[in-house]
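What follows is the content of work-v2.pdb, which has PDB, C-alpha atoms, pLDDT in the B column:
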```pdb
MODEL        1
ATOM      1  CA  MET A   1      92.312  91.148  93.349  1.00 83.00           C
ATOM      2  CA  ALA A   2      95.730  91.525  94.921  1.00 93.00           C
ATOM      3  CA  ALA A   3      96.058  93.921  97.848  1.00 95.00           C
ATOM      4  CA  ALA A   4      98.728  95.860  99.705  1.00 97.00           C
ATOM      5  CA  GLU A   5      99.002  98.517 102.399  1.00 98.00           C
ATOM      6  CA  PHE A   6     100.666 101.872 101.813  1.00 98.00           C
ATOM      7  CA  TRP A   7     102.079 103.120 105.130  1.00 98.00           C
ATOM      8  CA  TYR A   8     103.051 106.778 105.163  1.00 98.00           C
ATOM      9  CA  GLU A   9     104.067 109.566 107.548  1.00 97.00           C
ATOM     10  CA  PHE A  10     103.200 113.134 106.622  1.00 98.00           C
ATOM     11  CA  ALA A  11     106.559 114.471 107.840  1.00 96.00           C
ATOM     12  CA  SER A  12     108.432 112.023 105.604  1.00 96.00           C
ATOM     13  CA  THR A  13     110.117 113.558 102.579  1.00 97.00           C
ATOM     14  CA  TYR A  14     110.191 110.422 100.447  1.00 97.00           C
ATOM     15  CA  SER A  15     106.524 109.759 101.201  1.00 97.00           C
ATOM     16  CA  TYR A  16     105.719 112.867  99.129  1.00 98.00           C
ATOM     17  CA  PRO A  17     106.631 111.489  95.680  1.00 98.00           C
ATOM     18  CA  ALA A  18     105.431 108.035  96.693  1.00 98.00           C
ATOM     19  CA  ALA A  19     101.991 109.358  97.634  1.00 98.00           C
ATOM     20  CA  MET A  20     101.732 111.180  94.336  1.00 98.00           C
ATOM     21  CA  ARG A  21     102.328 108.006  92.307  1.00 97.00           C
ATOM     22  CA  ALA A  22     101.095 105.135  94.474  1.00 98.00           C
ATOM     23  CA  ALA A  23      97.471 105.080  93.335  1.00 97.00           C
ATOM     24  CA  SER A  24      98.203 105.068  89.604  1.00 97.00           C
ATOM     25  CA  LEU A  25     100.968 102.485  89.956  1.00 97.00           C
ATOM     26  CA  ALA A  26      98.697 100.208  91.995  1.00 97.00           C
ATOM     27  CA  LYS A  27      95.828 100.588  89.526  1.00 97.00           C
ATOM     28  CA  ALA A  28      98.088  99.642  86.619  1.00 96.00           C
ATOM     29  CA  ARG A  29      98.923  96.398  88.431  1.00 96.00           C
ATOM     30  CA  ALA A  30      95.349  95.722  89.619  1.00 96.00           C
ATOM     31  CA  VAL A  31      96.474  95.977  93.237  1.00 97.00           C
ATOM     32  CA  GLU A  32      93.984  97.297  95.780  1.00 97.00           C
ATOM     33  CA  LEU A  33      95.833  99.767  97.962  1.00 97.00           C
ATOM     34  CA  THR A  34      94.875 100.613 101.540  1.00 98.00           C
ATOM     35  CA  TRP A  35      96.357 103.906 102.753  1.00 98.00           C
ATOM     36  CA  ARG A  36      97.645 103.695 106.347  1.00 98.00           C
ATOM     37  CA  PRO A  37      98.822 106.948 107.986  1.00 97.00           C
ATOM     38  CA  PHE A  38     101.027 106.504 111.053  1.00 96.00           C
ATOM     39  CA  LEU A  39     103.662 108.296 113.139  1.00 94.00           C
ATOM     40  CA  LEU A  40     107.376 107.603 112.844  1.00 90.00           C
ATOM     41  CA  GLY A  41     108.168 109.364 116.117  1.00 82.00           C
ATOM     42  CA  PRO A  42     107.658 106.321 118.379  1.00 79.00           C
ATOM     43  CA  ILE A  43     109.764 104.162 116.047  1.00 79.00           C
ATOM     44  CA  PHE A  44     112.553 106.754 116.035  1.00 77.00           C
ATOM     45  CA  VAL A  45     112.462 107.034 119.831  1.00 76.00           C
ATOM     46  CA  ALA A  46     112.732 103.250 120.117  1.00 72.00           C
ATOM     47  CA  ASN A  47     115.948 103.540 118.116  1.00 73.00           C
ATOM     48  CA  GLY A  48     117.288 106.311 120.336  1.00 78.00           C
ATOM     49  CA  TRP A  49     116.535 109.174 117.933  1.00 75.00           C
ATOM     50  CA  ARG A  50     114.841 112.358 119.146  1.00 80.00           C
ATOM     51  CA  ASP A  51     114.894 113.981 115.709  1.00 80.00           C
ATOM     52  CA  SER A  52     114.844 112.990 112.072  1.00 85.00           C
ATOM     53  CA  PRO A  53     118.002 111.080 111.090  1.00 82.00           C
ATOM     54  CA  PHE A  54     118.297 113.597 108.258  1.00 84.00           C
ATOM     55  CA  ASN A  55     118.890 116.264 110.919  1.00 81.00           C
ATOM     56  CA  ILE A  56     120.984 114.087 113.223  1.00 85.00           C
ATOM     57  CA  TYR A  57     123.344 113.177 110.368  1.00 86.00           C
ATOM     58  CA  PRO A  58     123.869 116.343 108.268  1.00 93.00           C
ATOM     59  CA  ALA A  59     125.617 114.567 105.395  1.00 96.00           C
ATOM     60  CA  LYS A  60     122.674 112.220 105.052  1.00 93.00           C
ATOM     61  CA  GLY A  61     120.319 115.208 105.164  1.00 93.00           C
ATOM     62  CA  ARG A  62     122.178 117.054 102.415  1.00 96.00           C
ATOM     63  CA  TYR A  63     122.092 113.967 100.237  1.00 97.00           C
ATOM     64  CA  MET A  64     118.377 113.410 100.876  1.00 96.00           C
ATOM     65  CA  TRP A  65     117.375 116.948  99.866  1.00 96.00           C
ATOM     66  CA  ARG A  66     119.406 116.787  96.668  1.00 98.00           C
ATOM     67  CA  ASP A  67     118.026 113.329  95.908  1.00 97.00           C
ATOM     68  CA  LEU A  68     114.496 114.578  96.480  1.00 97.00           C
ATOM     69  CA  GLU A  69     115.137 117.500  94.124  1.00 98.00           C
ATOM     70  CA  ARG A  70     116.140 115.056  91.380  1.00 98.00           C
ATOM     71  CA  ILE A  71     113.134 112.821  92.026  1.00 98.00           C
ATOM     72  CA  CYS A  72     110.675 115.710  92.011  1.00 98.00           C
ATOM     73  CA  ASP A  73     112.226 117.184  88.866  1.00 98.00           C
ATOM     74  CA  ALA A  74     111.800 113.850  87.106  1.00 97.00           C
ATOM     75  CA  LEU A  75     108.159 113.625  88.204  1.00 97.00           C
ATOM     76  CA  ASP A  76     107.455 117.316  87.504  1.00 98.00           C
ATOM     77  CA  LEU A  77     106.523 117.872  91.151  1.00 98.00           C
ATOM     78  CA  PRO A  78     107.164 121.228  92.842  1.00 98.00           C
ATOM     79  CA  LEU A  79     109.437 121.129  95.883  1.00 98.00           C
ATOM     80  CA  ARG A  80     109.813 123.638  98.699  1.00 97.00           C
ATOM     81  CA  ARG A  81     111.496 122.699 101.944  1.00 95.00           C
ATOM     82  CA  PRO A  82     109.093 123.127 104.845  1.00 95.00           C
ATOM     83  CA  ASP A  83     110.395 125.084 107.819  1.00 93.00           C
ATOM     84  CA  PRO A  84     110.811 123.656 110.345  1.00 93.00           C
ATOM     85  CA  PHE A  85     111.691 120.172 109.183  1.00 94.00           C
ATOM     86  CA  PRO A  86     110.312 117.766 110.110  1.00 94.00           C
ATOM     87  CA  GLN A  87     106.840 119.205 110.398  1.00 94.00           C
ATOM     88  CA  ASN A  88     104.589 118.190 113.281  1.00 95.00           C
ATOM     89  CA  SER A  89     102.327 115.686 111.539  1.00 96.00           C
ATOM     90  CA  LEU A  90     100.131 114.626 114.470  1.00 97.00           C
ATOM     91  CA  LEU A  91      96.955 116.511 113.566  1.00 97.00           C
ATOM     92  CA  ALA A  92      97.210 115.669 109.861  1.00 98.00           C
ATOM     93  CA  ALA A  93      97.564 111.973 110.681  1.00 98.00           C
ATOM     94  CA  ARG A  94      94.602 112.078 113.055  1.00 98.00           C
ATOM     95  CA  VAL A  95      92.502 113.799 110.391  1.00 98.00           C
ATOM     96  CA  ALA A  96      93.498 111.310 107.693  1.00 98.00           C
ATOM     97  CA  LEU A  97      92.553 108.442 109.952  1.00 97.00           C
ATOM     98  CA  THR A  98      88.973 109.752 110.259  1.00 97.00           C
ATOM     99  CA  LEU A  99      88.556 109.677 106.481  1.00 98.00           C
ATOM    100  CA  ASP A 100      87.927 106.592 104.364  1.00 95.00           C
ATOM    101  CA  GLY A 101      88.619 105.459 100.837  1.00 95.00           C
ATOM    102  CA  GLU A 102      89.191 108.138  98.233  1.00 97.00           C
ATOM    103  CA  GLU A 103      88.653 110.948 100.735  1.00 97.00           C
ATOM    104  CA  ARG A 104      91.670 109.734 102.725  1.00 98.00           C
ATOM    105  CA  VAL A 105      93.736 109.319  99.570  1.00 98.00           C
ATOM    106  CA  GLU A 106      92.909 112.763  98.205  1.00 98.00           C
ATOM    107  CA  PHE A 107      93.332 114.526 101.551  1.00 98.00           C
ATOM    108  CA  SER A 108      96.702 112.838 102.044  1.00 98.00           C
ATOM    109  CA  ARG A 109      97.937 113.815  98.616  1.00 98.00           C
ATOM    110  CA  ARG A 110      96.836 117.406  99.210  1.00 98.00           C
ATOM    111  CA  VAL A 111      98.657 117.516 102.550  1.00 98.00           C
ATOM    112  CA  TYR A 112     101.877 116.452 100.845  1.00 98.00           C
ATOM    113  CA  ALA A 113     101.385 118.961  98.044  1.00 98.00           C
ATOM    114  CA  ALA A 114     100.825 121.760 100.570  1.00 98.00           C
ATOM    115  CA  GLU A 115     103.765 120.729 102.757  1.00 98.00           C
ATOM    116  CA  PHE A 116     106.461 119.843 100.239  1.00 98.00           C
ATOM    117  CA  GLY A 117     105.074 121.516  97.126  1.00 98.00           C
ATOM    118  CA  GLU A 118     104.236 124.869  98.731  1.00 97.00           C
ATOM    119  CA  GLY A 119     106.173 124.772 102.013  1.00 96.00           C
ATOM    120  CA  LEU A 120     103.010 125.305 104.094  1.00 97.00           C
ATOM    121  CA  PRO A 121     102.811 124.372 107.793  1.00 97.00           C
ATOM    122  CA  ILE A 122     100.725 121.208 108.106  1.00 97.00           C
ATOM    123  CA  ALA A 123     100.555 121.512 111.900  1.00 96.00           C
ATOM    124  CA  ASP A 124      98.462 124.644 111.330  1.00 96.00           C
ATOM    125  CA  ARG A 125      94.731 123.919 111.603  1.00 96.00           C
ATOM    126  CA  ALA A 126      94.041 126.673 109.068  1.00 97.00           C
ATOM    127  CA  THR A 127      96.152 124.884 106.442  1.00 97.00           C
ATOM    128  CA  LEU A 128      94.304 121.608 106.974  1.00 98.00           C
ATOM    129  CA  ALA A 129      90.929 123.340 107.141  1.00 98.00           C
ATOM    130  CA  ILE A 130      91.447 124.781 103.657  1.00 98.00           C
ATOM    131  CA  LEU A 131      92.355 121.338 102.297  1.00 98.00           C
ATOM    132  CA  LEU A 132      89.284 119.757 103.896  1.00 98.00           C
ATOM    133  CA  ALA A 133      86.986 122.496 102.613  1.00 97.00           C
ATOM    134  CA  LYS A 134      88.308 122.001  99.082  1.00 96.00           C
ATOM    135  CA  LEU A 135      87.243 118.363  99.377  1.00 97.00           C
ATOM    136  CA  GLY A 136      83.738 119.488 100.337  1.00 97.00           C
ATOM    137  CA  LEU A 137      84.180 118.400 103.958  1.00 97.00           C
ATOM    138  CA  ASP A 138      83.240 120.335 107.092  1.00 97.00           C
ATOM    139  CA  PRO A 139      86.551 121.146 108.827  1.00 97.00           C
ATOM    140  CA  GLY A 140      84.954 121.631 112.241  1.00 96.00           C
ATOM    141  CA  GLY A 141      83.254 118.260 112.160  1.00 97.00           C
ATOM    142  CA  VAL A 142      86.366 116.506 110.896  1.00 97.00           C
ATOM    143  CA  PHE A 143      88.582 118.104 113.544  1.00 97.00           C
ATOM    144  CA  ALA A 144      86.115 117.076 116.256  1.00 97.00           C
ATOM    145  CA  ARG A 145      86.275 113.448 115.121  1.00 97.00           C
ATOM    146  CA  ALA A 146      90.047 113.627 114.696  1.00 98.00           C
ATOM    147  CA  GLU A 147      90.593 114.809 118.261  1.00 97.00           C
ATOM    148  CA  ASP A 148      88.147 112.376 119.816  1.00 96.00           C
ATOM    149  CA  GLY A 149      89.782 110.080 122.375  1.00 97.00           C
ATOM    150  CA  ALA A 150      88.944 106.961 120.376  1.00 96.00           C
ATOM    151  CA  ASN A 151      90.641 108.321 117.252  1.00 97.00           C
ATOM    152  CA  LYS A 152      93.718 109.365 119.213  1.00 96.00           C
ATOM    153  CA  ALA A 153      93.962 105.816 120.565  1.00 97.00           C
ATOM    154  CA  ARG A 154      93.464 104.435 117.074  1.00 96.00           C
ATOM    155  CA  LEU A 155      96.445 106.396 115.740  1.00 96.00           C
ATOM    156  CA  LYS A 156      98.612 105.119 118.597  1.00 95.00           C
ATOM    157  CA  ALA A 157      97.523 101.590 117.746  1.00 96.00           C
ATOM    158  CA  GLU A 158      98.293 102.124 114.057  1.00 94.00           C
ATOM    159  CA  SER A 159     101.791 103.356 114.897  1.00 92.00           C
ATOM    160  CA  ALA A 160     102.344 100.364 117.185  1.00 93.00           C
ATOM    161  CA  ARG A 161     101.106  98.074 114.420  1.00 94.00           C
ATOM    162  CA  ALA A 162     103.616  99.610 112.015  1.00 94.00           C
ATOM    163  CA  ALA A 163     106.432  98.699 114.398  1.00 91.00           C
ATOM    164  CA  GLU A 164     105.074  95.162 114.755  1.00 93.00           C
ATOM    165  CA  LEU A 165     105.128  94.762 110.962  1.00 95.00           C
ATOM    166  CA  GLY A 166     108.809  95.683 110.883  1.00 91.00           C
ATOM    167  CA  ILE A 167     108.344  99.155 109.418  1.00 93.00           C
ATOM    168  CA  ILE A 168     111.447 101.244 110.106  1.00 89.00           C
ATOM    169  CA  GLY A 169     110.740 104.293 107.962  1.00 92.00           C
ATOM    170  CA  ALA A 170     108.313 105.797 105.494  1.00 96.00           C
ATOM    171  CA  PRO A 171     106.925 105.213 103.028  1.00 97.00           C
ATOM    172  CA  CYS A 172     106.491 101.439 103.243  1.00 97.00           C
ATOM    173  CA  LEU A 173     104.459  99.052 101.180  1.00 97.00           C
ATOM    174  CA  VAL A 174     103.342  95.922 103.045  1.00 97.00           C
ATOM    175  CA  THR A 175     102.005  93.031 100.993  1.00 97.00           C
ATOM    176  CA  GLU A 176      99.440  90.422 102.030  1.00 94.00           C
ATOM    177  CA  ASP A 177     102.163  87.873 102.743  1.00 94.00           C
ATOM    178  CA  GLY A 178     103.929  90.263 105.116  1.00 95.00           C
ATOM    179  CA  GLU A 179     106.755  91.501 102.908  1.00 96.00           C
ATOM    180  CA  VAL A 180     107.876  95.056 103.668  1.00 97.00           C
ATOM    181  CA  PHE A 181     109.232  97.340 100.944  1.00 98.00           C
ATOM    182  CA  TRP A 182     110.725 100.526 102.376  1.00 97.00           C
ATOM    183  CA  GLY A 183     111.121 103.697 100.365  1.00 96.00           C
ATOM    184  CA  ASN A 184     109.814 105.541  97.352  1.00 97.00           C
ATOM    185  CA  ASP A 185     112.395 103.669  95.278  1.00 96.00           C
ATOM    186  CA  ARG A 186     110.890 100.308  96.303  1.00 97.00           C
ATOM    187  CA  LEU A 187     107.298 101.199  95.488  1.00 97.00           C
ATOM    188  CA  GLU A 188     107.206  99.498  92.084  1.00 97.00           C
ATOM    189  CA  GLN A 189     108.993  96.422  93.420  1.00 97.00           C
ATOM    190  CA  GLY A 190     106.509  96.120  96.273  1.00 97.00           C
ATOM    191  CA  LEU A 191     103.509  96.498  93.999  1.00 97.00           C
ATOM    192  CA  ASP A 192     104.924  93.952  91.563  1.00 97.00           C
ATOM    193  CA  TRP A 193     105.384  91.562  94.471  1.00 97.00           C
ATOM    194  CA  ALA A 194     101.806  92.182  95.613  1.00 96.00           C
ATOM    195  CA  ALA A 195     100.502  91.541  92.114  1.00 95.00           C
ATOM    196  CA  SER A 196     102.452  88.266  91.926  1.00 93.00           C
ATOM    197  CA  GLN A 197     100.594  87.005  95.002  1.00 84.00           C
ATOM    198  CA  ARG A 198      97.260  87.200  93.215  1.00 69.00           C
ATOM    199  CA  ALA A 199      95.418  83.874  93.341  1.00 52.00           C
TER
ENDMDL
END
```
Write the structure described by the file as structure tokens, please.
Amino acid sequence: MAAAEFWYEFASTYSYPAAMRAASLAKARAVELTWRPFLLGPIFVANGWRDSPFNIYPAKGRYMWRDLERICDALDLPLRRPDPFPQNSLLAARVALTLDGEERVEFSRRVYAAEFGEGLPIADRATLAILLAKLGLDPGGVFARAEDGANKARLKAESARAAELGIIGAPCLVTEDGEVFWGNDRLEQGLDWAASQRA
């Protein structure tokens, strides 16, 4: 079976529609998808940015929000701008990293739905606790694992790995042969490429 990695950042606007369609698109192509949460902050800092480029360059930001409105309308996804933007995604990423398989996928999708579908603050432990409880998970236990020193180091390593792979934004699909496809609008192309690598 072909495989690919789906790299995503919870503060990323375009990762929202991508996360909502990635699993079904991968299944249709018989591509096994590994979900890889990471932080864009270190990559932005390496490029001299201390904020989202959508805030640094207002014209780009205005375009992005309108573009996202069109995309979400087409996919019948609700959209509410979170305030502030970007949201602090550190805790959500740490939590996602403690989960495996479908639990990580479902938690991640619910984080995006809460953040961009309802405008809820994902840096708020109460928001994440509700999402975890709805998945039948013990929020206290998950938070304890998420904030363990080893997990914190693991997230740093994941973010460093993203930079090593040549990831410059989110979402990104990385195929087994090392090709990087950046953006929600490259998701199908990346999955098609991954499927074409099948032995």
Hits of the PyMOL selection byres ((chain A and resi 112-121) around 7) in this structure, as an MDAnalysis selection string: chainID A and resid 10 16 78:82 108:111 122:124 127
The PyMOL selection byres ((chain A and resi 35-46) around 8) resolved against shown file, as an MDAnalysis selection string: chainID A and resid 5:10 33:34 47:52 89:90 93 96:97 104:105 155 158:159 162:163 168:170
Got time to write the residues from that selection, C-alpha atoms, as a PDB file, in the frame of the given file?
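So the final result, stored in selection-v7.pdb, reads:
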```pdb
ATOM      1  CA  GLU A   5      99.002  98.517 102.399  1.00 98.00           C
ATOM      2  CA  PHE A   6     100.666 101.872 101.813  1.00 98.00           C
ATOM      3  CA  TRP A   7     102.079 103.120 105.130  1.00 98.00           C
ATOM      4  CA  TYR A   8     103.051 106.778 105.163  1.00 98.00           C
ATOM      5  CA  GLU A   9     104.067 109.566 107.548  1.00 97.00           C
ATOM      6  CA  PHE A  10     103.200 113.134 106.622  1.00 98.00           C
ATOM      7  CA  LEU A  33      95.833  99.767  97.962  1.00 97.00           C
ATOM      8  CA  THR A  34      94.875 100.613 101.540  1.00 98.00           C
ATOM      9  CA  ASN A  47     115.948 103.540 118.116  1.00 73.00           C
ATOM     10  CA  GLY A  48     117.288 106.311 120.336  1.00 78.00           C
ATOM     11  CA  TRP A  49     116.535 109.174 117.933  1.00 75.00           C
ATOM     12  CA  ARG A  50     114.841 112.358 119.146  1.00 80.00           C
ATOM     13  CA  ASP A  51     114.894 113.981 115.709  1.00 80.00           C
ATOM     14  CA  SER A  52     114.844 112.990 112.072  1.00 85.00           C
ATOM     15  CA  SER A  89     102.327 115.686 111.539  1.00 96.00           C
ATOM     16  CA  LEU A  90     100.131 114.626 114.470  1.00 97.00           C
ATOM     17  CA  ALA A  93      97.564 111.973 110.681  1.00 98.00           C
ATOM     18  CA  ALA A  96      93.498 111.310 107.693  1.00 98.00           C
ATOM     19  CA  LEU A  97      92.553 108.442 109.952  1.00 97.00           C
ATOM     20  CA  ARG A 104      91.670 109.734 102.725  1.00 98.00           C
ATOM     21  CA  VAL A 105      93.736 109.319  99.570  1.00 98.00           C
ATOM     22  CA  LEU A 155      96.445 106.396 115.740  1.00 96.00           C
ATOM     23  CA  GLU A 158      98.293 102.124 114.057  1.00 94.00           C
ATOM     24  CA  SER A 159     101.791 103.356 114.897  1.00 92.00           C
ATOM     25  CA  ALA A 162     103.616  99.610 112.015  1.00 94.00           C
ATOM     26  CA  ALA A 163     106.432  98.699 114.398  1.00 91.00           C
ATOM     27  CA  ILE A 168     111.447 101.244 110.106  1.00 89.00           C
ATOM     28  CA  GLY A 169     110.740 104.293 107.962  1.00 92.00           C
ATOM     29  CA  ALA A 170     108.313 105.797 105.494  1.00 96.00           C
TER      30      ALA A 170
END
```
Hits from the PyMOL selection byres ((chain A and resi 129-132) around 10), listed as JSON, numbers by chain: {"A": [95, 103, 106, 107, 108, 110, 111, 114, 124, 125, 126, 127, 128, 133, 134, 135, 136, 137, 138, 139, 140, 142, 143]}
Residue neighbourhood Tyr14 of chain A, 8 Å, all atoms listed in the file, exclusion window fewer than 6 positions, as a list in words: Leu68, Ala170, Pro171, Gly183 and Asn184 of chain A
Given only C-alpha atoms as the counted atoms, nearest of A:Leu187, A:Leu99, A:Ala4, A:Ala144 to Thr175 of chain A: A:Ala4
Nearest to Gln189 of chain A, chosen from A:Ile56, A:Leu77, A:Leu25, A:Thr98, with all atoms listed in the file counted in the distances: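 Residue with the minimum atom-to-atom distance to Gln189 of chain A: A:Leu25.
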Closest of A:Ile71, A:Ala30, A:Ile167, A:Ala11 to Gln87 of chain A - atom-to-atom distances counting only C-alpha atoms: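 The closest residue to Gln87 of chain A is A:Ala11.
Counting only C-alpha atoms, the residue from A:Leu91, A:Glu188, A:Thr13, A:Trp65 that sits nearest to Asn151 of chain A is A:Leu91.
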One-decimal distance in Å that lies between atom CA of Ser12 of chain A and atom CA of Gln197 of chain A: 28.3 Å
Option closest in space to Ala194 of chain A, from A:Ala160, A:Trp182, A:Arg154, A:Asp177 [counting all atoms listed in the file]: A:Asp177
Atomic distance atom CA of Val180 of chain A - atom CA of Ala26 of chain A, expressed in Å with one decimal: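 Here the two named atoms are 15.7 Å from each other.
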Proximity to Arg70 of chain A - best of A:Asp148, A:Arg186, A:Pro17, A:Phe181, all atoms listed in the file: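 Among the listed residues, the smallest separation from Arg70 of chain A belongs to A:Pro17.
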With 6 Å added on each side, what axis-aligned box encloses every listed atom of segment 179-198 of chain A? Give the centre and edge lengths in Å to one decimal, as JSON.
```
{"center_x": 104.8, "center_y": 96.3, "center_z": 97.6, "size_x": 27.1, "size_y": 30.5, "size_z": 24.1}
```
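Reported to one decimal place, the separation of atom CA of Leu173 of chain A from atom CA of Ala153 of chain A is 23.1 Å.
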